[in-house]
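K.L.:
Following this line is structure12.cif, made up of mmCIF, C-alpha atoms and all ligand atoms:
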data_coords
loop_
_atom_site.label_atom_id
_atom_site.label_comp_id
_atom_site.auth_asym_id
_atom_site.auth_seq_id
_atom_site.Cartn_x
_atom_site.Cartn_y
_atom_site.Cartn_z
CA MET A 1 -49.56 81.05 178.18
CA THR A 2 -48.37 84.67 177.99
CA ARG A 3 -50.13 86.45 175.18
CA SER A 4 -48.49 88.90 172.83
CA VAL A 5 -50.12 91.59 170.73
CA ALA A 6 -49.99 91.70 166.94
CA VAL A 7 -51.30 94.41 164.65
CA VAL A 8 -52.27 92.57 161.48
CA ALA A 9 -52.66 94.87 158.48
CA ILE A 10 -54.61 93.05 155.78
CA GLY A 11 -54.19 94.24 152.21
CA GLY A 12 -56.54 94.60 149.28
CA ASN A 13 -56.18 90.92 148.32
CA SER A 14 -57.89 89.87 151.56
CA LEU A 15 -61.09 91.54 150.34
CA ILE A 16 -60.89 91.59 146.54
CA LYS A 17 -58.99 88.80 144.82
CA ASP A 18 -59.39 90.13 141.27
CA THR A 19 -61.64 92.46 139.26
CA LYS A 20 -64.05 89.58 138.49
CA HIS A 21 -64.67 89.06 142.21
CA GLN A 22 -65.71 92.41 143.61
CA THR A 23 -69.28 91.89 144.83
CA VAL A 24 -70.01 92.03 148.53
CA ALA A 25 -70.49 88.23 148.49
CA ASP A 26 -67.07 87.81 146.83
CA GLN A 27 -65.47 90.16 149.33
CA TYR A 28 -66.97 88.17 152.19
CA GLN A 29 -65.59 84.93 150.74
CA ALA A 30 -62.09 86.43 150.57
CA THR A 31 -62.49 87.74 154.13
CA VAL A 32 -63.47 84.26 155.36
CA GLU A 33 -60.23 82.83 153.96
CA THR A 34 -58.05 85.48 155.60
CA CYS A 35 -59.91 85.20 158.92
CA HIS A 36 -59.19 81.47 158.97
CA HIS A 37 -55.47 82.29 158.97
CA ILE A 38 -55.86 85.05 161.54
CA ALA A 39 -57.69 82.59 163.81
CA ASP A 40 -54.59 80.35 163.62
CA LEU A 41 -52.58 83.22 165.01
CA ILE A 42 -55.04 83.72 167.86
CA VAL A 43 -55.04 80.01 168.72
CA HIS A 44 -51.26 80.25 169.04
CA GLY A 45 -51.39 82.87 171.76
CA TRP A 46 -51.63 86.18 169.96
CA ASP A 47 -54.05 89.00 170.72
CA VAL A 48 -54.87 90.70 167.47
CA VAL A 49 -55.91 94.08 166.12
CA ILE A 50 -56.85 93.86 162.45
CA THR A 51 -56.44 96.85 160.17
CA HIS A 52 -57.44 96.88 156.52
CA GLY A 53 -57.45 98.87 153.29
CA ASN A 54 -60.59 100.35 151.66
CA GLY A 55 -59.44 101.92 148.37
CA PRO A 56 -61.72 100.02 145.95
CA GLN A 57 -64.67 100.10 148.39
CA VAL A 58 -64.45 103.89 148.71
CA GLY A 59 -64.25 104.02 144.90
CA PHE A 60 -67.53 102.06 144.64
CA ILE A 61 -69.33 104.40 147.06
CA LEU A 62 -68.07 107.48 145.21
CA ARG A 63 -69.19 105.98 141.89
CA ARG A 64 -72.70 105.26 143.25
CA SER A 65 -72.81 108.75 144.65
CA GLU A 66 -71.71 110.15 141.29
CA LEU A 67 -74.33 108.19 139.33
CA SER A 68 -77.16 109.29 141.58
CA ARG A 69 -76.15 112.90 142.13
CA HIS A 70 -79.16 114.19 140.16
CA GLU A 71 -81.38 112.69 142.84
CA LEU A 72 -79.41 112.27 146.06
CA HIS A 73 -76.83 114.19 148.03
CA GLU A 74 -73.20 113.17 147.50
CA VAL A 75 -71.25 111.39 150.24
CA PRO A 76 -68.25 113.31 151.58
CA LEU A 77 -64.96 111.41 151.64
CA ASP A 78 -64.76 111.15 155.44
CA SER A 79 -68.24 109.58 155.48
CA CYS A 80 -67.14 107.13 152.78
CA GLY A 81 -64.32 106.13 155.12
CA ALA A 82 -66.73 105.61 158.01
CA ASP A 83 -69.14 103.62 155.78
CA THR A 84 -66.37 101.28 154.64
CA GLN A 85 -65.01 100.79 158.17
CA GLY A 86 -68.48 99.69 159.23
CA ALA A 87 -69.17 97.44 156.27
CA ILE A 88 -65.73 95.81 156.17
CA GLY A 89 -65.66 95.55 159.96
CA TYR A 90 -68.99 93.74 159.81
CA MET A 91 -67.61 91.23 157.28
CA ILE A 92 -64.59 90.53 159.45
CA GLN A 93 -66.71 90.22 162.61
CA LYS A 94 -69.06 87.78 160.91
CA ALA A 95 -66.22 85.73 159.42
CA LEU A 96 -64.39 85.55 162.76
CA HIS A 97 -67.58 84.72 164.67
CA ASN A 98 -68.21 81.74 162.37
CA GLU A 99 -64.57 80.64 162.45
CA PHE A 100 -64.44 80.85 166.27
CA LYS A 101 -67.69 78.90 166.57
CA ARG A 102 -66.36 76.13 164.34
CA ARG A 103 -63.15 75.87 166.35
CA GLY A 104 -64.69 76.29 169.79
CA ILE A 105 -62.74 79.50 170.48
CA ALA A 106 -64.42 81.69 173.12
CA LYS A 107 -63.66 85.07 171.52
CA GLN A 108 -65.56 87.97 170.06
CA ALA A 109 -64.52 90.57 167.53
CA ALA A 110 -65.54 94.24 167.61
CA THR A 111 -64.97 97.06 165.16
CA VAL A 112 -63.98 100.52 166.28
CA VAL A 113 -64.87 103.27 163.82
CA THR A 114 -61.55 105.08 164.03
CA GLN A 115 -60.67 108.73 163.49
CA VAL A 116 -57.03 109.54 162.93
CA LEU A 117 -55.72 113.02 163.57
CA VAL A 118 -53.69 114.66 160.83
CA ASP A 119 -51.96 118.04 160.90
CA ARG A 120 -54.08 120.61 159.07
CA ASN A 121 -50.77 122.13 157.97
CA ASP A 122 -49.49 118.82 156.58
CA PRO A 123 -47.67 119.75 153.36
CA SER A 124 -49.73 117.22 151.39
CA PHE A 125 -52.81 119.48 151.70
CA ALA A 126 -51.06 122.02 149.50
CA ASN A 127 -50.02 119.31 147.07
CA PRO A 128 -52.73 116.62 146.78
CA THR A 129 -51.57 113.58 144.81
CA LYS A 130 -53.82 110.64 145.74
CA PRO A 131 -56.33 109.94 142.90
CA ILE A 132 -59.84 108.94 144.03
CA GLY A 133 -63.19 108.31 142.38
CA SER A 134 -64.08 107.90 138.72
CA PHE A 135 -62.39 109.26 135.65
CA MET A 136 -63.98 112.43 134.25
CA THR A 137 -63.89 114.40 131.02
CA GLN A 138 -61.90 117.62 131.11
CA GLU A 139 -65.15 119.60 131.07
CA ILE A 140 -66.69 117.82 134.07
CA ALA A 141 -63.37 117.98 135.91
CA ALA A 142 -63.25 121.74 135.41
CA GLN A 143 -66.87 122.09 136.62
CA ARG A 144 -66.20 120.10 139.79
CA ALA A 145 -63.01 121.97 140.49
CA GLN A 146 -65.01 125.19 140.26
CA ALA A 147 -68.15 124.11 142.10
CA GLU A 148 -66.65 121.82 144.73
CA GLY A 149 -63.15 123.10 145.14
CA TRP A 150 -61.69 119.80 144.01
CA THR A 151 -58.13 119.51 142.80
CA VAL A 152 -58.19 117.58 139.54
CA ILE A 153 -55.37 116.17 137.42
CA GLU A 154 -54.96 114.55 134.04
CA ASP A 155 -54.05 110.95 134.82
CA ALA A 156 -51.52 109.58 132.29
CA GLY A 157 -53.76 110.00 129.24
CA ARG A 158 -56.63 108.03 130.86
CA GLY A 159 -58.79 111.02 131.70
CA TRP A 160 -59.22 113.44 134.57
CA ARG A 161 -59.46 112.53 138.23
CA ARG A 162 -59.92 114.14 141.56
CA VAL A 163 -56.81 114.05 143.77
CA VAL A 164 -56.76 114.46 147.53
CA ALA A 165 -54.07 114.92 150.14
CA SER A 166 -52.37 111.95 151.78
CA PRO A 167 -51.27 113.40 155.13
CA LEU A 168 -49.27 111.53 157.74
CA PRO A 169 -51.21 110.10 160.68
CA GLN A 170 -50.42 111.86 163.98
CA ARG A 171 -52.68 110.38 166.63
CA ILE A 172 -55.34 107.68 166.82
CA ILE A 173 -58.31 109.36 168.46
CA GLU A 174 -59.92 106.10 169.65
CA ARG A 175 -56.61 104.60 170.82
CA ASP A 176 -57.79 104.05 174.40
CA ALA A 177 -61.00 102.33 173.28
CA ILE A 178 -58.99 99.99 171.05
CA LYS A 179 -56.52 99.19 173.85
CA CYS A 180 -59.30 98.63 176.37
CA LEU A 181 -61.13 96.17 174.09
CA LEU A 182 -57.87 94.36 173.35
CA ASP A 183 -56.97 94.11 177.06
CA SER A 184 -60.46 92.72 177.70
CA GLY A 185 -59.85 89.89 175.24
CA PHE A 186 -61.64 91.16 172.14
CA VAL A 187 -60.24 90.88 168.65
CA VAL A 188 -60.40 94.48 167.45
CA ILE A 189 -60.84 95.78 163.92
CA ALA A 190 -59.60 99.37 163.75
CA VAL A 191 -58.08 102.16 161.61
CA GLY A 192 -59.81 100.70 158.53
CA GLY A 193 -58.60 102.38 155.34
CA GLY A 194 -55.92 104.16 157.36
CA GLY A 195 -58.59 105.71 159.59
CA ILE A 196 -60.93 108.63 158.95
CA PRO A 197 -58.67 111.67 158.65
CA VAL A 198 -59.69 114.45 161.02
CA VAL A 199 -58.14 117.82 161.80
CA GLU A 200 -58.34 119.77 165.03
CA ASP A 201 -59.27 123.46 165.16
CA GLU A 202 -58.01 126.02 167.72
CA GLN A 203 -60.69 124.90 170.21
CA GLY A 204 -59.73 121.25 169.78
CA ASP A 205 -62.92 120.38 167.87
CA LEU A 206 -62.52 117.71 165.21
CA ALA A 207 -63.60 118.05 161.59
CA GLY A 208 -63.39 115.37 158.87
CA ALA A 209 -60.82 116.05 156.15
CA ALA A 210 -61.18 115.21 152.47
CA ALA A 211 -57.98 113.19 152.50
CA VAL A 212 -56.72 109.62 152.57
CA ILE A 213 -54.26 108.22 155.10
CA ASP A 214 -52.00 105.37 154.03
CA LYS A 215 -53.28 102.25 155.81
CA ASP A 216 -49.78 100.89 156.43
CA TYR A 217 -48.66 104.17 158.04
CA ALA A 218 -51.77 104.22 160.25
CA SER A 219 -51.20 100.56 161.19
CA SER A 220 -47.64 101.42 162.16
CA LEU A 221 -48.80 104.29 164.37
CA LEU A 222 -51.40 102.04 165.98
CA ALA A 223 -48.78 99.32 166.65
CA THR A 224 -46.53 101.95 168.25
CA SER A 225 -49.25 103.52 170.36
CA ILE A 226 -50.54 100.24 171.83
CA HIS A 227 -46.98 98.85 172.22
CA ALA A 228 -47.68 95.87 169.98
CA ASP A 229 -45.11 93.06 169.93
CA LEU A 230 -45.47 92.48 166.20
CA LEU A 231 -46.52 94.40 163.10
CA LEU A 232 -47.67 91.80 160.60
CA ILE A 233 -48.33 93.07 157.11
CA SER A 234 -50.40 90.63 155.10
CA THR A 235 -50.38 91.39 151.39
CA ALA A 236 -50.31 89.70 147.98
CA VAL A 237 -46.70 88.43 148.11
CA GLU A 238 -45.19 85.69 150.30
CA LYS A 239 -41.94 87.64 150.76
CA VAL A 240 -40.35 90.97 150.01
CA ALA A 241 -37.79 91.05 147.20
CA LEU A 242 -34.80 93.07 146.17
CA ASN A 243 -34.83 93.97 142.47
CA TYR A 244 -38.50 93.00 142.45
CA GLY A 245 -39.70 91.78 139.07
CA LYS A 246 -36.24 91.96 137.54
CA PRO A 247 -34.08 89.03 136.34
CA ASP A 248 -31.80 89.39 139.38
CA GLN A 249 -34.68 89.40 141.88
CA VAL A 250 -33.80 88.02 145.33
CA TRP A 251 -36.46 87.05 147.89
CA LEU A 252 -35.59 88.10 151.44
CA ASP A 253 -36.12 85.91 154.53
CA ARG A 254 -34.91 88.54 156.88
CA MET A 255 -33.60 92.09 157.07
CA THR A 256 -32.51 94.33 159.88
CA LEU A 257 -33.89 97.82 160.44
CA ALA A 258 -30.67 99.24 158.98
CA ASP A 259 -31.00 97.00 155.89
CA ALA A 260 -34.61 98.07 155.41
CA LYS A 261 -33.67 101.75 155.52
CA ARG A 262 -30.85 101.22 153.05
CA TYR A 263 -33.01 99.23 150.61
CA LEU A 264 -35.70 101.93 150.79
CA VAL A 265 -33.16 104.58 149.81
CA GLU A 266 -31.84 102.32 147.05
CA GLY A 267 -35.39 102.18 145.61
CA HIS A 268 -36.12 98.45 145.94
CA PHE A 269 -39.69 98.97 147.09
CA ALA A 270 -42.25 100.46 144.71
CA LYS A 271 -43.71 103.81 145.83
CA GLY A 272 -47.45 103.08 146.01
CA SER A 273 -47.19 99.46 147.14
CA MET A 274 -44.26 97.88 149.01
CA GLY A 275 -42.57 101.24 149.74
CA PRO A 276 -45.11 102.44 152.32
CA LYS A 277 -45.14 99.00 153.99
CA ILE A 278 -41.40 98.99 154.57
CA GLN A 279 -41.51 102.66 155.66
CA ALA A 280 -44.31 101.75 158.09
CA ILE A 281 -42.16 98.95 159.50
CA VAL A 282 -39.12 101.24 159.79
CA TRP A 283 -41.13 103.80 161.81
CA TYR A 284 -42.60 101.07 164.04
CA LEU A 285 -39.15 99.62 164.80
CA GLU A 286 -37.60 103.05 165.33
CA ARG A 287 -40.35 103.97 167.79
CA GLY A 288 -39.96 101.03 170.15
CA GLY A 289 -41.33 98.17 168.04
CA LYS A 290 -39.86 94.69 168.27
CA GLU A 291 -40.38 92.77 165.07
CA ALA A 292 -42.27 93.00 161.82
CA LEU A 293 -43.27 90.46 159.25
CA VAL A 294 -44.48 90.66 155.65
CA THR A 295 -46.22 87.70 154.02
CA ASN A 296 -49.51 86.70 152.38
CA PRO A 297 -52.61 85.47 154.24
CA GLU A 298 -52.13 81.78 153.47
CA ASN A 299 -48.59 81.83 154.87
CA ILE A 300 -49.21 83.68 158.14
CA LEU A 301 -48.81 80.58 160.30
CA ARG A 302 -45.73 79.30 158.46
CA ALA A 303 -44.20 82.78 158.59
CA LEU A 304 -44.70 82.91 162.36
CA ARG A 305 -42.93 79.58 162.61
CA GLY A 306 -40.01 81.17 160.78
CA GLU A 307 -40.54 79.04 157.67
CA THR A 308 -41.36 81.79 155.20
CA GLY A 309 -42.23 85.50 154.88
CA THR A 310 -39.81 88.38 155.32
CA ARG A 311 -38.95 89.17 158.93
CA VAL A 312 -37.68 92.63 159.85
CA VAL A 313 -35.72 92.73 163.10
CA LEU A 314 -34.02 95.50 165.03
CA ALA A 315 -30.50 94.19 164.55
CA GLY A 316 -28.12 91.33 164.52
CA ARG A 317 -30.00 88.09 164.65
CA THR A 318 -29.26 85.97 161.62
CA ILE A 319 -31.66 83.14 162.38
CA VAL A 320 -35.36 83.77 161.97
CA LYS A 321 -36.86 82.52 165.22
CA ALA A 322 -40.31 81.05 165.56
CA LEU A 323 -42.90 83.44 166.99
CA ILE A 324 -45.31 80.67 167.90
P1 LIG B 401 -51.90 96.00 149.70
O1 LIG B 401 -53.29 96.01 149.16
O2 LIG B 401 -51.63 94.79 150.54
O3 LIG B 401 -51.49 97.28 150.33
P2 LIG B 401 -50.12 96.68 147.47
O4 LIG B 401 -50.46 96.27 146.08
O5 LIG B 401 -50.27 98.10 147.86
O6 LIG B 401 -50.97 95.71 148.43
O7 LIG B 401 -48.61 96.24 147.81
C1 LIG B 401 -48.17 94.90 147.67
C2 LIG B 401 -47.53 94.70 146.30
O8 LIG B 401 -46.28 95.37 146.23
C3 LIG B 401 -47.16 93.29 145.99
O9 LIG B 401 -48.26 92.53 145.55
C4 LIG B 401 -46.10 93.47 144.87
O10 LIG B 401 -46.71 93.40 143.61
C5 LIG B 401 -45.60 94.89 145.07
N1 LIG B 401 -44.16 95.06 145.30
C6 LIG B 401 -43.50 96.19 144.97
N2 LIG B 401 -42.21 96.11 145.29
C7 LIG B 401 -42.03 94.89 145.87
C8 LIG B 401 -40.89 94.23 146.43
N3 LIG B 401 -39.70 94.80 146.46
N4 LIG B 401 -41.06 92.98 146.94
C9 LIG B 401 -42.29 92.41 146.91
N5 LIG B 401 -43.39 92.99 146.39
C10 LIG B 401 -43.28 94.22 145.87
MG MG B 402 -51.22 99.18 149.39
#
The structure in this file should be written as structure tokens.

P.N.:
Amino acid sequence: MTRSVAVVAIGGNSLIKDTKHQTVADQYQATVETCHHIADLIVHGWDVVITHGNGPQVGFILRRSELSRHELHEVPLDSCGADTQGAIGYMIQKALHNEFKRRGIAKQAATVVTQVLVDRNDPSFANPTKPIGSFMTQEIAAQRAQAEGWTVIEDAGRGWRRVVASPLPQRIIERDAIKCLLDSGFVVIAVGGGGIPVVEDEQGDLAGAAAVIDKDYASSLLATSIHADLLLISTAVEKVALNYGKPDQVWLDRMTLADAKRYLVEGHFAKGSMGPKIQAIVWYLERGGKEALVTNPENILRALRGETGTRVVLAGRTIVKALI
């Protein structure tokens, strides 16, 4: 059996199902369910790199840090990223280990703490827009801005928040390690939370940046740089829609790269949610990618069979072919 490579980007719903289920035990339970579906993919001949989000988890660490700041040092944002990559990677490794054992699959999973290079002149550093951490009063916000150099904004009448830059990912520092593990038969968990953003100085030394990289953009760059055969975006919807949430909503089985670009321009995909996923797919396909798929965890297998999900292809083909 010839094996193909899929980058599987798992969304927030694979870790936190709803606000009542946020504990580590709850997150593990959600991870177990998603890993069951990812194991199906592996059984059907795919080598897999798993990427994941970390927004709420970083929020929890920042909140703990905030509450204990009278006693303990605060955790910088790049360290929060590293902490969540380790903790979430551990959950996925454990879930996959148990799933593989049950099914008699001789595979191991390994997490790569991943740094992702961003341009220190990325325009987003001059215009930070990504809210992180807890809400603050105007007074505290002003203090932090002064003492810590934070950029703070008033968030739609709900209070003040810190905002950070969301630069574009340029290069995956641990790319070769990820590729090597994959080629050796490991399931790899990488670029968690979009990767830890790092910038390079004149000497080429790396420094962590207080920024957040979009996990779908980083997954796209990873898929491009390891020449993956498929970018599979697993999220909370079974398919992508046009006119999403409106009376004339249409679910899509398939779109071409050209369709995807047109729909993006026409504003069918919400900015902070489906928009970056479709943009990530467009970049992957424009940079040598083959196919992309959007669906939810429980439909991964059916979507690969061509029975559901939204397939994004380079051009032409009107029939969604089975990928397994
Ligand atoms: P993730 O954690 O997987 O990144 P997001 O919430 O960021 O999830 O993005 C997925 C969400 O995007 C879906 O659950 C859906 O509510 C929303 N969405 C926005 N526009 C669309 C669209 N055109 N078709 C389908 N879902 C959409
Ligand atoms: Mg998202």

K.L.:
Quick check, in Å to one decimal: how far apart do CA of Arg102 in chain A and CA of Ile10 in chain A lie?

P.N.:
22.3 Å

K.L.:
Quote the spacing between CA of Ser273 in chain A and CA of Ser124 in chain A in Å to one decimal place.

P.N.:
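Between CA of Ser273 in chain A and CA of Ser124 in chain A the gap works out to 18.4 Å.
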
K.L.:
At a cut-off of 9 Å, using only C-alpha atoms, what residues contact range 204-218 of chain A? Leave out same-chain residues fewer than 4 positions from it and give the result as a ChimeraX atom specification.

P.N.:
/A:9,11,51-54,76-79,81,115-118,120,125,128,130,163-172,191-200,222-223,233,276-281,283

K.L.:
Selected residues, C-alpha atoms, written as an mmCIF file, in the coordinates of the input, please.

P.N.:
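The file below, out-v3.cif, is the result:
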data_model
loop_
_atom_site.group_PDB
_atom_site.id
_atom_site.type_symbol
_atom_site.label_atom_id
_atom_site.label_comp_id
_atom_site.auth_asym_id
_atom_site.auth_seq_id
_atom_site.Cartn_x
_atom_site.Cartn_y
_atom_site.Cartn_z
ATOM 1 C CA ALA A 9 -52.660 94.870 158.480
ATOM 2 C CA GLY A 11 -54.190 94.240 152.210
ATOM 3 C CA THR A 51 -56.440 96.850 160.170
ATOM 4 C CA HIS A 52 -57.440 96.880 156.520
ATOM 5 C CA GLY A 53 -57.450 98.870 153.290
ATOM 6 C CA ASN A 54 -60.590 100.350 151.660
ATOM 7 C CA PRO A 76 -68.250 113.310 151.580
ATOM 8 C CA LEU A 77 -64.960 111.410 151.640
ATOM 9 C CA ASP A 78 -64.760 111.150 155.440
ATOM 10 C CA SER A 79 -68.240 109.580 155.480
ATOM 11 C CA GLY A 81 -64.320 106.130 155.120
ATOM 12 C CA GLN A 115 -60.670 108.730 163.490
ATOM 13 C CA VAL A 116 -57.030 109.540 162.930
ATOM 14 C CA LEU A 117 -55.720 113.020 163.570
ATOM 15 C CA VAL A 118 -53.690 114.660 160.830
ATOM 16 C CA ARG A 120 -54.080 120.610 159.070
ATOM 17 C CA PHE A 125 -52.810 119.480 151.700
ATOM 18 C CA PRO A 128 -52.730 116.620 146.780
ATOM 19 C CA LYS A 130 -53.820 110.640 145.740
ATOM 20 C CA VAL A 163 -56.810 114.050 143.770
ATOM 21 C CA VAL A 164 -56.760 114.460 147.530
ATOM 22 C CA ALA A 165 -54.070 114.920 150.140
ATOM 23 C CA SER A 166 -52.370 111.950 151.780
ATOM 24 C CA PRO A 167 -51.270 113.400 155.130
ATOM 25 C CA LEU A 168 -49.270 111.530 157.740
ATOM 26 C CA PRO A 169 -51.210 110.100 160.680
ATOM 27 C CA GLN A 170 -50.420 111.860 163.980
ATOM 28 C CA ARG A 171 -52.680 110.380 166.630
ATOM 29 C CA ILE A 172 -55.340 107.680 166.820
ATOM 30 C CA VAL A 191 -58.080 102.160 161.610
ATOM 31 C CA GLY A 192 -59.810 100.700 158.530
ATOM 32 C CA GLY A 193 -58.600 102.380 155.340
ATOM 33 C CA GLY A 194 -55.920 104.160 157.360
ATOM 34 C CA GLY A 195 -58.590 105.710 159.590
ATOM 35 C CA ILE A 196 -60.930 108.630 158.950
ATOM 36 C CA PRO A 197 -58.670 111.670 158.650
ATOM 37 C CA VAL A 198 -59.690 114.450 161.020
ATOM 38 C CA VAL A 199 -58.140 117.820 161.800
ATOM 39 C CA GLU A 200 -58.340 119.770 165.030
ATOM 40 C CA LEU A 222 -51.400 102.040 165.980
ATOM 41 C CA ALA A 223 -48.780 99.320 166.650
ATOM 42 C CA ILE A 233 -48.330 93.070 157.110
ATOM 43 C CA PRO A 276 -45.110 102.440 152.320
ATOM 44 C CA LYS A 277 -45.140 99.000 153.990
ATOM 45 C CA ILE A 278 -41.400 98.990 154.570
ATOM 46 C CA GLN A 279 -41.510 102.660 155.660
ATOM 47 C CA ALA A 280 -44.310 101.750 158.090
ATOM 48 C CA ILE A 281 -42.160 98.950 159.500
ATOM 49 C CA TRP A 283 -41.130 103.800 161.810
#

K.L.:
List all protein, DNA and RNA residues that have an atom no more than 7 Å from any atom of ligand LIG 401 (chain B), counting all atoms listed in the file, and report them as a PDB file with C-alpha atoms, in the coordinates of the input.

P.N.:
ATOM      1  CA  ILE A  10     -54.610  93.050 155.780  1.00  0.00           C
ATOM      2  CA  GLY A  11     -54.190  94.240 152.210  1.00  0.00           C
ATOM      3  CA  GLY A  12     -56.540  94.600 149.280  1.00  0.00           C
ATOM      4  CA  ASN A  13     -56.180  90.920 148.320  1.00  0.00           C
ATOM      5  CA  GLY A  53     -57.450  98.870 153.290  1.00  0.00           C
ATOM      6  CA  SER A 234     -50.400  90.630 155.100  1.00  0.00           C
ATOM      7  CA  THR A 235     -50.380  91.390 151.390  1.00  0.00           C
ATOM      8  CA  ALA A 236     -50.310  89.700 147.980  1.00  0.00           C
ATOM      9  CA  VAL A 237     -46.700  88.430 148.110  1.00  0.00           C
ATOM     10  CA  LYS A 239     -41.940  87.640 150.760  1.00  0.00           C
ATOM     11  CA  VAL A 240     -40.350  90.970 150.010  1.00  0.00           C
ATOM     12  CA  ALA A 241     -37.790  91.050 147.200  1.00  0.00           C
ATOM     13  CA  LEU A 242     -34.800  93.070 146.170  1.00  0.00           C
ATOM     14  CA  ASN A 243     -34.830  93.970 142.470  1.00  0.00           C
ATOM     15  CA  TYR A 244     -38.500  93.000 142.450  1.00  0.00           C
ATOM     16  CA  HIS A 268     -36.120  98.450 145.940  1.00  0.00           C
ATOM     17  CA  PHE A 269     -39.690  98.970 147.090  1.00  0.00           C
ATOM     18  CA  ALA A 270     -42.250 100.460 144.710  1.00  0.00           C
ATOM     19  CA  GLY A 272     -47.450 103.080 146.010  1.00  0.00           C
ATOM     20  CA  SER A 273     -47.190  99.460 147.140  1.00  0.00           C
ATOM     21  CA  MET A 274     -44.260  97.880 149.010  1.00  0.00           C
ATOM     22  CA  GLY A 275     -42.570 101.240 149.740  1.00  0.00           C
TER      23      GLY A 275
END

K.L.:
Taking into account all atoms listed in the file, which residue in the set A:Ala228, A:Thr114, A:Arg162, A:Leu304 is nearest to Ile38 in chain A?

P.N.:
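Counting all atoms listed in the file, the residue closest to Ile38 in chain A is A:Leu304.
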
K.L.:
Could you tell me how far CA of Ala303 in chain A lies from CA of Thr31 in chain A, in Å and to one decimal?

P.N.:
19.5 Å

K.L.:
Choose the residue, out of A:Ile50, A:Leu264, A:Cys180, A:Ile324, that has the smallest atom-to-atom separation from Thr2 in chain A; count all atoms listed in the file.

P.N.:
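Going through A:Ile50, A:Leu264, A:Cys180, A:Ile324 one by one, the smallest distance to Thr2 in chain A is for A:Ile324.
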
K.L.:
Go through A:Ser4, A:Asn98, A:Ser219, A:Asn296 one by one, measure the shortest atom-to-atom distance of each to Asp47 in chain A using all atoms listed in the file, and give the residue with the smallest value.

P.N.:
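Among A:Ser4, A:Asn98, A:Ser219, A:Asn296, it is A:Ser4 that comes nearest to Asp47 in chain A.
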
K.L.:
Using only C-alpha atoms, which of the listed residues (A:Val112, A:Val24, A:Ile153, A:Ile16) sits closest to Lys179 in chain A?

P.N.:
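Closest residue, counting only C-alpha atoms: A:Val112.
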
K.L.:
With 4 Å on each side, where is the centre of the axis-aligned box around all listed atoms of range 70-78 of chain A, and how long are its edges in Å to one decimal, as JSON?

P.N.:
{"center_x": -73.1, "center_y": 112.7, "center_z": 147.8, "size_x": 24.6, "size_y": 11.0, "size_z": 23.3}

K.L.:
Do you know which residues are at most 12 Å from Arg64 in chain A counting all atoms listed in the file, after dropping those on the same chain fewer than 3 positions away, and could you put them as a PyMOL selection string?

P.N.:
chain A and resi 57-61+67-75+80+133-134

K.L.:
Which one is closest to Asp253 in chain A: A:Gly306, A:Gly55, A:Gly288, A:Gly89? Count only C-alpha atoms.

P.N.:
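Answer, going by the shortest atom-to-atom distance: A:Gly306.
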
K.L.:
Measuring atom to atom with all atoms listed in the file, identify which of A:Ile140, A:Val187, A:Asn121, A:Glu154 is nearest to Glu66 in chain A.

P.N.:
A:Ile140

K.L.:
At a cut-off of 8 Å, using all atoms listed in the file, what residues contact Asp26 in chain A? Leave out same-chain residues fewer than 4 positions from it and give the result as number ranges by chain.

P.N.:
A: 15-16, 21-22, 30
